[in-house]
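All remarks here apply to the structure that follows.
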Amino acid sequence: MNKTSSIITIGREFGSGGRQIGQEIANYFGIKCYDKELLEHAASDSGICKELFEHHDEKPTNSFLYSLVMDTYSFGYSSAGFNEMPMNHKIFLAQFEAIKKLAGEGPCVMVGRCADYALADWKDCFSVFIHANMDARIRRIAQKYNLSDKKAKDTIVKTDKSRSSYYNYYTNKKWGDAQSYHLCLDSSKLGIENTAKVIIEAVKIFDESKK
(Lines give C-alpha, C1' and ligand atoms only; values in the text may rest on other atoms or scores of the structure.)
Protein backbone atom coordinates (compact mmCIF):
# COMPACT_ATOMS: atom_id res chain seq x y z
CA MET A 1 0.00 0.00 0.00
CA ASN A 2 1.29 3.43 -0.99
CA LYS A 3 0.86 5.85 1.89
CA THR A 4 1.15 9.58 2.44
CA SER A 5 0.88 11.78 5.51
CA SER A 6 -0.11 14.83 3.43
CA ILE A 7 -3.24 16.73 2.51
CA ILE A 8 -2.89 17.54 -1.19
CA THR A 9 -4.77 20.62 -2.43
CA ILE A 10 -5.32 21.16 -6.14
CA GLY A 11 -6.13 24.49 -7.75
CA ARG A 12 -7.01 24.13 -11.42
CA GLU A 13 -7.94 25.93 -14.58
CA PHE A 14 -11.24 24.76 -16.01
CA GLY A 15 -10.63 21.96 -18.49
CA SER A 16 -7.13 21.15 -17.23
CA GLY A 17 -8.26 17.82 -15.76
CA GLY A 18 -7.76 18.80 -12.14
CA ARG A 19 -10.54 16.62 -10.76
CA GLN A 20 -9.40 13.54 -12.70
CA ILE A 21 -5.80 14.11 -11.63
CA GLY A 22 -6.92 14.50 -8.03
CA GLN A 23 -8.82 11.22 -8.20
CA GLU A 24 -5.82 9.38 -9.65
CA ILE A 25 -3.59 10.70 -6.85
CA ALA A 26 -6.17 9.71 -4.23
CA ASN A 27 -6.50 6.22 -5.74
CA TYR A 28 -2.72 5.75 -5.70
CA PHE A 29 -2.44 6.64 -2.01
CA GLY A 30 -5.72 5.01 -1.01
CA ILE A 31 -7.17 8.26 0.35
CA LYS A 32 -10.33 10.28 -0.32
CA CYS A 33 -10.68 12.97 -2.97
CA TYR A 34 -13.01 15.85 -2.17
CA ASP A 35 -14.27 18.13 -4.92
CA LYS A 36 -17.96 18.99 -4.84
CA GLU A 37 -18.14 16.57 -1.92
CA LEU A 38 -16.75 19.45 0.14
CA LEU A 39 -20.05 21.25 -0.40
CA GLU A 40 -22.01 18.30 0.98
CA HIS A 41 -19.89 18.18 4.12
CA ALA A 42 -20.13 21.94 4.62
CA ALA A 43 -23.90 21.85 4.13
CA SER A 44 -24.32 18.98 6.55
CA ASP A 45 -22.14 20.55 9.25
CA SER A 46 -23.57 24.07 8.96
CA GLY A 47 -27.24 23.25 8.47
CA ILE A 48 -27.35 25.43 5.34
CA CYS A 49 -29.05 23.68 2.42
CA LYS A 50 -26.78 22.12 -0.21
CA GLU A 51 -28.41 24.03 -3.08
CA LEU A 52 -27.15 27.32 -1.66
CA PHE A 53 -23.59 25.97 -1.58
CA GLU A 54 -23.90 24.89 -5.20
CA HIS A 55 -25.28 28.31 -6.18
CA HIS A 56 -22.35 30.14 -4.55
CA ASP A 57 -19.70 27.53 -5.44
CA GLU A 58 -16.39 29.28 -6.27
CA LYS A 59 -18.22 32.45 -7.24
CA PRO A 60 -17.03 35.86 -6.02
CA THR A 61 -18.99 38.51 -4.18
CA ASN A 62 -18.47 42.24 -4.51
CA SER A 63 -19.45 43.06 -0.94
CA PHE A 64 -17.13 40.88 1.09
CA LEU A 65 -15.82 42.61 4.21
CA TYR A 66 -12.69 40.55 4.65
CA SER A 67 -11.51 41.69 8.08
CA LEU A 68 -15.01 41.64 9.57
CA VAL A 69 -15.69 38.11 8.37
CA MET A 70 -12.34 36.73 9.48
CA ASP A 71 -12.80 38.35 12.90
CA THR A 72 -16.22 36.75 13.11
CA TYR A 73 -14.78 33.41 12.02
CA SER A 74 -12.27 33.50 14.84
CA PHE A 75 -15.11 33.74 17.35
CA GLY A 76 -17.02 30.80 15.86
CA TYR A 77 -20.51 30.30 14.51
CA SER A 78 -22.28 31.13 17.76
CA SER A 79 -21.55 34.82 17.48
CA ALA A 80 -24.31 37.25 16.60
CA GLY A 81 -22.11 38.56 13.79
CA PHE A 82 -22.27 35.25 11.97
CA ASN A 83 -26.06 35.06 12.24
CA GLU A 84 -26.38 38.52 10.71
CA MET A 85 -23.85 37.86 7.96
CA PRO A 86 -24.97 37.66 4.29
CA MET A 87 -25.47 34.12 3.02
CA ASN A 88 -22.46 34.10 0.67
CA HIS A 89 -20.19 34.97 3.60
CA LYS A 90 -21.70 32.20 5.71
CA ILE A 91 -21.15 29.72 2.90
CA PHE A 92 -17.49 30.65 2.50
CA LEU A 93 -16.87 30.24 6.22
CA ALA A 94 -18.78 26.97 6.38
CA GLN A 95 -16.60 25.60 3.57
CA PHE A 96 -13.52 26.92 5.35
CA GLU A 97 -14.58 25.03 8.47
CA ALA A 98 -15.42 21.84 6.54
CA ILE A 99 -12.02 21.85 4.83
CA LYS A 100 -10.22 22.08 8.18
CA LYS A 101 -12.42 19.38 9.69
CA LEU A 102 -11.81 16.93 6.83
CA ALA A 103 -8.08 17.66 6.85
CA GLY A 104 -8.09 16.88 10.56
CA GLU A 105 -9.42 13.41 9.77
CA GLY A 106 -6.25 12.52 7.85
CA PRO A 107 -4.55 12.59 4.44
CA CYS A 108 -6.80 13.39 1.48
CA VAL A 109 -6.96 15.30 -1.80
CA MET A 110 -8.99 18.54 -1.97
CA VAL A 111 -9.84 20.15 -5.28
CA GLY A 112 -10.45 23.90 -5.48
CA ARG A 113 -12.44 26.03 -3.01
CA CYS A 114 -9.39 27.83 -1.57
CA ALA A 115 -8.35 24.68 0.30
CA ASP A 116 -4.67 25.65 0.07
CA TYR A 117 -5.50 28.93 1.82
CA ALA A 118 -7.68 27.30 4.47
CA LEU A 119 -4.80 24.94 5.28
CA ALA A 120 -1.95 27.42 4.82
CA ASP A 121 -0.76 26.92 8.41
CA TRP A 122 -0.81 23.10 8.18
CA LYS A 123 2.67 21.64 7.84
CA ASP A 124 1.17 18.56 6.13
CA CYS A 125 -0.49 20.54 3.31
CA PHE A 126 1.06 20.27 -0.17
CA SER A 127 -0.49 22.69 -2.68
CA VAL A 128 -0.59 22.23 -6.45
CA PHE A 129 -1.93 24.30 -9.35
CA ILE A 130 -2.74 22.66 -12.69
CA HIS A 131 -3.04 24.66 -15.88
CA ALA A 132 -3.18 23.81 -19.59
CA ASN A 133 -3.17 25.62 -22.91
CA MET A 134 -6.51 26.86 -24.22
CA ASP A 135 -6.68 24.53 -27.24
CA ALA A 136 -6.31 21.45 -25.06
CA ARG A 137 -8.91 22.73 -22.62
CA ILE A 138 -11.37 23.53 -25.42
CA ARG A 139 -11.01 20.00 -26.81
CA ARG A 140 -11.55 18.48 -23.39
CA ILE A 141 -14.59 20.56 -22.43
CA ALA A 142 -16.19 20.39 -25.89
CA GLN A 143 -15.95 16.59 -25.82
CA LYS A 144 -16.97 16.17 -22.20
CA TYR A 145 -20.06 18.39 -22.38
CA ASN A 146 -20.84 17.99 -26.11
CA LEU A 147 -20.30 21.69 -26.84
CA SER A 148 -19.10 23.62 -29.88
CA ASP A 149 -15.54 24.92 -29.66
CA LYS A 150 -16.86 28.47 -29.29
CA LYS A 151 -19.24 27.54 -26.49
CA ALA A 152 -16.53 25.50 -24.78
CA LYS A 153 -14.12 28.45 -24.89
CA ASP A 154 -16.78 30.85 -23.57
CA THR A 155 -17.50 28.46 -20.69
CA ILE A 156 -13.80 28.09 -19.89
CA VAL A 157 -13.18 31.85 -19.85
CA LYS A 158 -16.25 32.49 -17.69
CA THR A 159 -15.44 29.71 -15.22
CA ASP A 160 -11.78 30.70 -14.90
CA LYS A 161 -12.77 34.32 -14.32
CA SER A 162 -15.14 33.26 -11.56
CA ARG A 163 -12.60 30.95 -9.89
CA SER A 164 -9.87 33.57 -10.13
CA SER A 165 -12.03 36.35 -8.67
CA TYR A 166 -13.26 34.07 -5.88
CA TYR A 167 -9.75 32.94 -4.94
CA ASN A 168 -8.15 36.38 -5.15
CA TYR A 169 -10.94 38.00 -3.15
CA TYR A 170 -11.07 35.54 -0.28
CA THR A 171 -7.36 34.73 0.06
CA ASN A 172 -5.60 38.03 -0.76
CA LYS A 173 -3.37 35.91 -3.01
CA LYS A 174 -3.31 35.49 -6.78
CA TRP A 175 -4.99 32.48 -8.36
CA GLY A 176 -2.55 30.56 -10.54
CA ASP A 177 0.51 32.54 -9.40
CA ALA A 178 3.39 30.11 -8.85
CA GLN A 179 4.28 31.80 -5.56
CA SER A 180 0.90 30.77 -4.15
CA TYR A 181 1.62 27.03 -4.53
CA HIS A 182 4.30 24.43 -3.92
CA LEU A 183 4.04 23.05 -7.46
CA CYS A 184 2.53 24.23 -10.78
CA LEU A 185 2.15 21.88 -13.76
CA ASP A 186 0.92 22.07 -17.37
CA SER A 187 -1.32 19.05 -17.96
CA SER A 188 -1.51 19.78 -21.70
CA LYS A 189 2.24 19.17 -21.96
CA LEU A 190 2.51 16.24 -19.56
CA GLY A 191 -0.86 14.58 -20.08
CA ILE A 192 -3.34 13.75 -17.31
CA GLU A 193 -1.70 10.51 -16.20
CA ASN A 194 1.84 11.88 -16.17
CA THR A 195 0.74 15.02 -14.33
CA ALA A 196 -0.71 12.79 -11.62
CA LYS A 197 2.54 10.79 -11.52
CA VAL A 198 4.66 13.94 -11.12
CA ILE A 199 2.49 15.12 -8.24
CA ILE A 200 2.66 11.70 -6.59
CA GLU A 201 6.46 11.72 -6.74
CA ALA A 202 6.54 15.30 -5.44
CA VAL A 203 4.30 14.31 -2.51
CA LYS A 204 6.65 11.43 -1.67
CA ILE A 205 9.56 13.87 -1.55
CA PHE A 206 7.46 16.26 0.55
CA ASP A 207 6.61 13.44 2.97
CA GLU A 208 10.29 12.53 3.34
CA SER A 209 11.22 16.15 4.02
CA LYS A 210 8.93 16.16 7.06
CA LYS A 211 10.63 13.21 8.76
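Residues in the C-alpha coordinates are numbered from 1 in each chain, the chains being A, B, ... in the order shown, and ligands are numbered from 1 in the order shown.
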Item checked: Test item: residues at most 12 Å from A:Ser180, only C-alpha atoms, excluding those fewer than 6 positions along its chain, as a PyMOL selection string -> chain A and resi 9-11+114-117+120+126-129+167-168+171-174
Suppose we keep N, CA and C atoms; can you now write the selection as a short mmCIF file (atom, residue, chain, number, x, y, z; two decimals), in the first residue's frame?
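Generated file (selection15.cif):
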```
data_model
loop_
_atom_site.label_atom_id
_atom_site.label_comp_id
_atom_site.auth_asym_id
_atom_site.auth_seq_id
_atom_site.Cartn_x
_atom_site.Cartn_y
_atom_site.Cartn_z
N THR A 9 -3.75 19.71 -1.90
CA THR A 9 -4.77 20.62 -2.43
C THR A 9 -4.45 20.92 -3.89
N ILE A 10 -5.50 20.95 -4.70
CA ILE A 10 -5.32 21.16 -6.14
C ILE A 10 -6.16 22.34 -6.62
N GLY A 11 -5.48 23.41 -7.02
CA GLY A 11 -6.13 24.49 -7.75
C GLY A 11 -6.06 24.14 -9.22
N CYS A 114 -10.36 27.15 -2.45
CA CYS A 114 -9.39 27.83 -1.57
C CYS A 114 -8.84 26.92 -0.48
N ALA A 115 -8.81 25.61 -0.73
CA ALA A 115 -8.35 24.68 0.30
C ALA A 115 -6.90 24.95 0.70
N ASP A 116 -6.07 25.36 -0.26
CA ASP A 116 -4.67 25.65 0.07
C ASP A 116 -4.58 26.81 1.04
N TYR A 117 -5.48 27.78 0.92
CA TYR A 117 -5.50 28.93 1.82
C TYR A 117 -6.03 28.53 3.19
N ALA A 120 -3.27 26.79 4.99
CA ALA A 120 -1.95 27.42 4.82
C ALA A 120 -1.03 27.21 6.01
N PHE A 126 0.25 20.10 1.05
CA PHE A 126 1.06 20.27 -0.17
C PHE A 126 0.14 20.80 -1.27
N SER A 127 0.42 22.02 -1.75
CA SER A 127 -0.49 22.69 -2.68
C SER A 127 0.01 22.64 -4.12
N VAL A 128 -0.90 22.37 -5.02
CA VAL A 128 -0.59 22.23 -6.45
C VAL A 128 -1.54 23.09 -7.27
N PHE A 129 -1.05 23.62 -8.39
CA PHE A 129 -1.93 24.30 -9.35
C PHE A 129 -1.71 23.66 -10.72
N TYR A 167 -11.00 33.24 -5.65
CA TYR A 167 -9.75 32.94 -4.94
C TYR A 167 -9.03 34.22 -4.52
N ASN A 168 -8.88 35.14 -5.45
CA ASN A 168 -8.15 36.38 -5.15
C ASN A 168 -8.85 37.19 -4.05
N THR A 171 -8.67 35.13 -0.48
CA THR A 171 -7.36 34.73 0.06
C THR A 171 -6.35 35.87 0.09
N ASN A 172 -6.61 36.96 -0.63
CA ASN A 172 -5.60 38.03 -0.76
C ASN A 172 -4.33 37.52 -1.43
N LYS A 173 -4.47 36.42 -2.19
CA LYS A 173 -3.37 35.91 -3.01
C LYS A 173 -3.84 35.92 -4.46
N LYS A 174 -2.96 35.49 -5.36
CA LYS A 174 -3.31 35.49 -6.78
C LYS A 174 -3.48 34.07 -7.30
#
```
Next item on the list: Considering only C-alpha atoms, return as JSON, numbers by chain whatever protein or nucleic-acid residues lie within 12 Å of stretch 197-199 of chain A, sequence-local ones (same chain, fewer than 5 positions apart) excluded.
Entry: {"A": [6, 8, 9, 10, 18, 21, 22, 23, 24, 25, 26, 27, 28, 29, 109, 126, 127, 128, 129, 130, 182, 183, 184, 185, 186, 187, 190, 191, 192, 204, 205, 206]}
Store the residues picked out above in a file with N, CA and C atoms, as an mmCIF file, in the first residue's frame.
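Listed below is the output, result_33.cif:
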```cif
data_model
loop_
_atom_site.group_PDB
_atom_site.id
_atom_site.type_symbol
_atom_site.label_atom_id
_atom_site.label_comp_id
_atom_site.auth_asym_id
_atom_site.auth_seq_id
_atom_site.Cartn_x
_atom_site.Cartn_y
_atom_site.Cartn_z
ATOM 1 N N SER A 6 0.196 13.462 3.880
ATOM 2 C CA SER A 6 -0.109 14.827 3.434
ATOM 3 C C SER A 6 -1.556 15.030 2.999
ATOM 4 N N ILE A 8 -3.284 16.983 0.094
ATOM 5 C CA ILE A 8 -2.892 17.544 -1.189
ATOM 6 C C ILE A 8 -4.020 18.426 -1.702
ATOM 7 N N THR A 9 -3.753 19.712 -1.901
ATOM 8 C CA THR A 9 -4.775 20.620 -2.426
ATOM 9 C C THR A 9 -4.453 20.925 -3.886
ATOM 10 N N ILE A 10 -5.497 20.954 -4.702
ATOM 11 C CA ILE A 10 -5.316 21.162 -6.135
ATOM 12 C C ILE A 10 -6.159 22.343 -6.618
ATOM 13 N N GLY A 18 -8.120 18.786 -13.561
ATOM 14 C CA GLY A 18 -7.763 18.805 -12.140
ATOM 15 C C GLY A 18 -8.481 17.768 -11.304
ATOM 16 N N ILE A 21 -7.150 14.254 -12.190
ATOM 17 C CA ILE A 21 -5.801 14.111 -11.634
ATOM 18 C C ILE A 21 -5.876 13.890 -10.127
ATOM 19 N N GLY A 22 -6.728 14.671 -9.469
ATOM 20 C CA GLY A 22 -6.916 14.496 -8.026
ATOM 21 C C GLY A 22 -7.388 13.103 -7.676
ATOM 22 N N GLN A 23 -8.310 12.559 -8.457
ATOM 23 C CA GLN A 23 -8.824 11.215 -8.204
ATOM 24 C C GLN A 23 -7.744 10.157 -8.397
ATOM 25 N N GLU A 24 -6.896 10.348 -9.415
ATOM 26 C CA GLU A 24 -5.815 9.381 -9.646
ATOM 27 C C GLU A 24 -4.809 9.398 -8.495
ATOM 28 N N ILE A 25 -4.510 10.580 -7.995
ATOM 29 C CA ILE A 25 -3.594 10.697 -6.854
ATOM 30 C C ILE A 25 -4.202 10.036 -5.626
ATOM 31 N N ALA A 26 -5.477 10.299 -5.387
ATOM 32 C CA ALA A 26 -6.168 9.714 -4.233
ATOM 33 C C ALA A 26 -6.204 8.191 -4.342
ATOM 34 N N ASN A 27 -6.471 7.675 -5.539
ATOM 35 C CA ASN A 27 -6.502 6.218 -5.739
ATOM 36 C C ASN A 27 -5.140 5.595 -5.471
ATOM 37 N N TYR A 28 -4.081 6.279 -5.901
ATOM 38 C CA TYR A 28 -2.723 5.755 -5.695
ATOM 39 C C TYR A 28 -2.410 5.622 -4.209
ATOM 40 N N PHE A 29 -2.764 6.643 -3.442
ATOM 41 C CA PHE A 29 -2.440 6.638 -2.010
ATOM 42 C C PHE A 29 -3.520 5.974 -1.151
ATOM 43 N N VAL A 109 -7.146 14.352 -0.710
ATOM 44 C CA VAL A 109 -6.957 15.301 -1.803
ATOM 45 C C VAL A 109 -8.155 16.237 -1.806
ATOM 46 N N PHE A 126 0.254 20.098 1.046
ATOM 47 C CA PHE A 126 1.056 20.269 -0.173
ATOM 48 C C PHE A 126 0.137 20.803 -1.270
ATOM 49 N N SER A 127 0.419 22.019 -1.750
ATOM 50 C CA SER A 127 -0.494 22.688 -2.679
ATOM 51 C C SER A 127 0.015 22.645 -4.121
ATOM 52 N N VAL A 128 -0.902 22.366 -5.022
ATOM 53 C CA VAL A 128 -0.591 22.225 -6.445
ATOM 54 C C VAL A 128 -1.542 23.087 -7.267
ATOM 55 N N PHE A 129 -1.049 23.625 -8.388
ATOM 56 C CA PHE A 129 -1.929 24.295 -9.350
ATOM 57 C C PHE A 129 -1.708 23.664 -10.716
ATOM 58 N N ILE A 130 -2.803 23.309 -11.371
ATOM 59 C CA ILE A 130 -2.737 22.662 -12.686
ATOM 60 C C ILE A 130 -3.329 23.585 -13.734
ATOM 61 N N HIS A 182 3.036 25.154 -3.978
ATOM 62 C CA HIS A 182 4.305 24.431 -3.923
ATOM 63 C C HIS A 182 4.737 23.937 -5.305
ATOM 64 N N LEU A 183 3.740 23.639 -6.160
ATOM 65 C CA LEU A 183 4.040 23.047 -7.463
ATOM 66 C C LEU A 183 2.992 23.477 -8.483
ATOM 67 N N CYS A 184 3.438 23.887 -9.683
ATOM 68 C CA CYS A 184 2.534 24.230 -10.778
ATOM 69 C C CYS A 184 2.900 23.384 -12.000
ATOM 70 N N LEU A 185 1.897 22.788 -12.641
ATOM 71 C CA LEU A 185 2.147 21.881 -13.760
ATOM 72 C C LEU A 185 1.203 22.154 -14.925
ATOM 73 N N ASP A 186 1.697 21.908 -16.146
ATOM 74 C CA ASP A 186 0.918 22.069 -17.370
ATOM 75 C C ASP A 186 0.456 20.695 -17.839
ATOM 76 N N SER A 187 -0.815 20.385 -17.613
ATOM 77 C CA SER A 187 -1.316 19.053 -17.958
ATOM 78 C C SER A 187 -1.433 18.849 -19.465
ATOM 79 N N LEU A 190 2.169 17.510 -20.197
ATOM 80 C CA LEU A 190 2.512 16.240 -19.555
ATOM 81 C C LEU A 190 1.479 15.147 -19.790
ATOM 82 N N GLY A 191 0.234 15.544 -20.025
ATOM 83 C CA GLY A 191 -0.855 14.581 -20.081
ATOM 84 C C GLY A 191 -1.419 14.363 -18.680
ATOM 85 N N ILE A 192 -2.660 13.918 -18.603
ATOM 86 C CA ILE A 192 -3.336 13.751 -17.314
ATOM 87 C C ILE A 192 -2.603 12.737 -16.440
ATOM 88 N N LYS A 204 5.737 12.349 -2.349
ATOM 89 C CA LYS A 204 6.651 11.430 -1.670
ATOM 90 C C LYS A 204 7.874 12.177 -1.140
ATOM 91 N N ILE A 205 8.416 13.065 -1.970
ATOM 92 C CA ILE A 205 9.565 13.873 -1.546
ATOM 93 C C ILE A 205 9.167 14.785 -0.393
ATOM 94 N N PHE A 206 7.986 15.386 -0.496
ATOM 95 C CA PHE A 206 7.456 16.256 0.549
ATOM 96 C C PHE A 206 7.311 15.489 1.856
#
```
Next item on the list: For A:Ala132, work out the shell of residues within 8 Å, counting only C-alpha atoms and skipping chain neighbours fewer than 4 positions away, then give it as a ChimeraX atom specification.
Entry: /A:13,15-16,136-137,186-189
All residues 9 Å or closer to A:Met87, only C-alpha atoms, same chain fewer than 4 positions away omitted, as a PDB file with N, CA and C atoms, in the first residue's frame:
```
ATOM      1  N   LEU A  52     -27.769  25.999  -1.823  1.00  0.00           N
ATOM      2  CA  LEU A  52     -27.149  27.319  -1.660  1.00  0.00           C
ATOM      3  C   LEU A  52     -25.641  27.238  -1.843  1.00  0.00           C
ATOM      4  N   ILE A  91     -21.512  30.903   3.688  1.00  0.00           N
ATOM      5  CA  ILE A  91     -21.154  29.725   2.905  1.00  0.00           C
ATOM      6  C   ILE A  91     -19.637  29.595   2.783  1.00  0.00           C
ATOM      7  N   PHE A  92     -18.953  30.717   2.567  1.00  0.00           N
ATOM      8  CA  PHE A  92     -17.491  30.647   2.502  1.00  0.00           C
ATOM      9  C   PHE A  92     -16.912  30.126   3.822  1.00  0.00           C
TER      10      PHE A  92
END
```
Note to self: as an MDAnalysis selection string, please: the residues near A:Val157 (cut-off 12 Å, only C-alpha atoms, same-chain neighbours under 6 positions excluded).
What the structure shows: chainID A and resid 13:15 134 137:138 141 150:151 163:164
Margin query: Using DSSP secondary structure from the backbone, list all alpha helix (DSSP H) positions within stretch 32-167 of chain A, as a PyMOL selection string.
Written below: chain A and resi 37-46+50-56+66-75+80-84+87-104+115-118+134-145+149-167
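Comparing the minimum interatomic distances between A:Ser5 and each of A:Glu201, A:Asp177, A:Glu193, A:Asp124, counting only C-alpha atoms, we find that A:Asp124 sits nearest.
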Next item on the list: Quote the spacing between atom CA of A:Asp57 and atom CA of A:Gly17 in Å to one decimal place.
Entry: 18.2 Å
Next item on the list: Using only C-alpha atoms, find the one residue out of A:Asp154, A:Thr4, A:Arg139, A:Lys210 that sits nearest to A:Lys32.
Entry: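 That would be A:Thr4, the residue with the smallest distance to A:Lys32.
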Stretch 68-166 of chain A residues near stretch 33-47 of chain A within 7 Å, closest pair each, using only C-alpha atoms, as CSV:
```
residue,atom,partner,partner_atom,distance
A:Ala94,CA,A:Ala42,CA,5.5
A:Gln95,CA,A:Ala42,CA,5.2
A:Ala98,CA,A:Ala42,CA,5.1
A:Cys108,CA,A:Cys33,CA,5.9
A:Val109,CA,A:Cys33,CA,4.5
A:Met110,CA,A:Tyr34,CA,4.8
A:Val111,CA,A:Asp35,CA,4.9
A:Gly112,CA,A:Asp35,CA,6.9
```
Take the residues from that selection and write them out as a PDB file, in the first residue's frame, keeping all heavy atoms.
```pdb
ATOM      1  N   ALA A  94     -18.396  28.354   6.149  1.00  0.00           N
ATOM      2  CA  ALA A  94     -18.784  26.967   6.378  1.00  0.00           C
ATOM      3  C   ALA A  94     -17.878  26.027   5.587  1.00  0.00           C
ATOM      4  O   ALA A  94     -17.482  24.959   6.077  1.00  0.00           O
ATOM      5  CB  ALA A  94     -20.243  26.759   5.998  1.00  0.00           C
ATOM      6  N   GLN A  95     -17.535  26.406   4.361  1.00  0.00           N
ATOM      7  CA  GLN A  95     -16.601  25.598   3.566  1.00  0.00           C
ATOM      8  C   GLN A  95     -15.216  25.599   4.212  1.00  0.00           C
ATOM      9  O   GLN A  95     -14.543  24.568   4.266  1.00  0.00           O
ATOM     10  CB  GLN A  95     -16.497  26.159   2.139  1.00  0.00           C
ATOM     11  CG  GLN A  95     -17.691  25.842   1.274  1.00  0.00           C
ATOM     12  CD  GLN A  95     -17.504  26.282  -0.169  1.00  0.00           C
ATOM     13  OE1 GLN A  95     -18.381  26.094  -0.980  1.00  0.00           O
ATOM     14  NE2 GLN A  95     -16.378  26.861  -0.507  1.00  0.00           N
ATOM     15  N   ALA A  98     -15.328  23.227   7.010  1.00  0.00           N
ATOM     16  CA  ALA A  98     -15.419  21.840   6.538  1.00  0.00           C
ATOM     17  C   ALA A  98     -14.063  21.348   6.033  1.00  0.00           C
ATOM     18  O   ALA A  98     -13.680  20.194   6.275  1.00  0.00           O
ATOM     19  CB  ALA A  98     -16.464  21.725   5.442  1.00  0.00           C
ATOM     20  N   CYS A 108      -5.755  13.390   2.500  1.00  0.00           N
ATOM     21  CA  CYS A 108      -6.797  13.391   1.477  1.00  0.00           C
ATOM     22  C   CYS A 108      -6.366  14.333   0.355  1.00  0.00           C
ATOM     23  O   CYS A 108      -5.358  15.031   0.464  1.00  0.00           O
ATOM     24  CB  CYS A 108      -8.141  13.827   2.064  1.00  0.00           C
ATOM     25  SG  CYS A 108      -8.138  15.493   2.774  1.00  0.00           S
ATOM     26  N   VAL A 109      -7.146  14.352  -0.710  1.00  0.00           N
ATOM     27  CA  VAL A 109      -6.957  15.301  -1.803  1.00  0.00           C
ATOM     28  C   VAL A 109      -8.155  16.237  -1.806  1.00  0.00           C
ATOM     29  O   VAL A 109      -9.296  15.790  -1.712  1.00  0.00           O
ATOM     30  CB  VAL A 109      -6.854  14.591  -3.168  1.00  0.00           C
ATOM     31  CG1 VAL A 109      -6.731  15.620  -4.302  1.00  0.00           C
ATOM     32  CG2 VAL A 109      -5.664  13.633  -3.194  1.00  0.00           C
ATOM     33  N   MET A 110      -7.911  17.547  -1.900  1.00  0.00           N
ATOM     34  CA  MET A 110      -8.988  18.535  -1.966  1.00  0.00           C
ATOM     35  C   MET A 110      -8.817  19.369  -3.222  1.00  0.00           C
ATOM     36  O   MET A 110      -7.750  19.920  -3.467  1.00  0.00           O
ATOM     37  CB  MET A 110      -8.971  19.435  -0.728  1.00  0.00           C
ATOM     38  CG  MET A 110      -9.262  18.694   0.564  1.00  0.00           C
ATOM     39  SD  MET A 110      -9.473  19.854   1.934  1.00  0.00           S
ATOM     40  CE  MET A 110      -9.798  18.706   3.271  1.00  0.00           C
ATOM     41  N   VAL A 111      -9.891  19.445  -4.004  1.00  0.00           N
ATOM     42  CA  VAL A 111      -9.841  20.147  -5.282  1.00  0.00           C
ATOM     43  C   VAL A 111     -10.575  21.487  -5.175  1.00  0.00           C
ATOM     44  O   VAL A 111     -11.763  21.529  -4.855  1.00  0.00           O
ATOM     45  CB  VAL A 111     -10.475  19.292  -6.398  1.00  0.00           C
ATOM     46  CG1 VAL A 111     -10.410  20.022  -7.739  1.00  0.00           C
ATOM     47  CG2 VAL A 111      -9.771  17.931  -6.492  1.00  0.00           C
ATOM     48  N   GLY A 112      -9.850  22.578  -5.439  1.00  0.00           N
ATOM     49  CA  GLY A 112     -10.448  23.905  -5.475  1.00  0.00           C
ATOM     50  C   GLY A 112     -10.896  24.441  -4.125  1.00  0.00           C
ATOM     51  O   GLY A 112     -10.453  24.006  -3.063  1.00  0.00           O
TER      52      GLY A 112
END
```
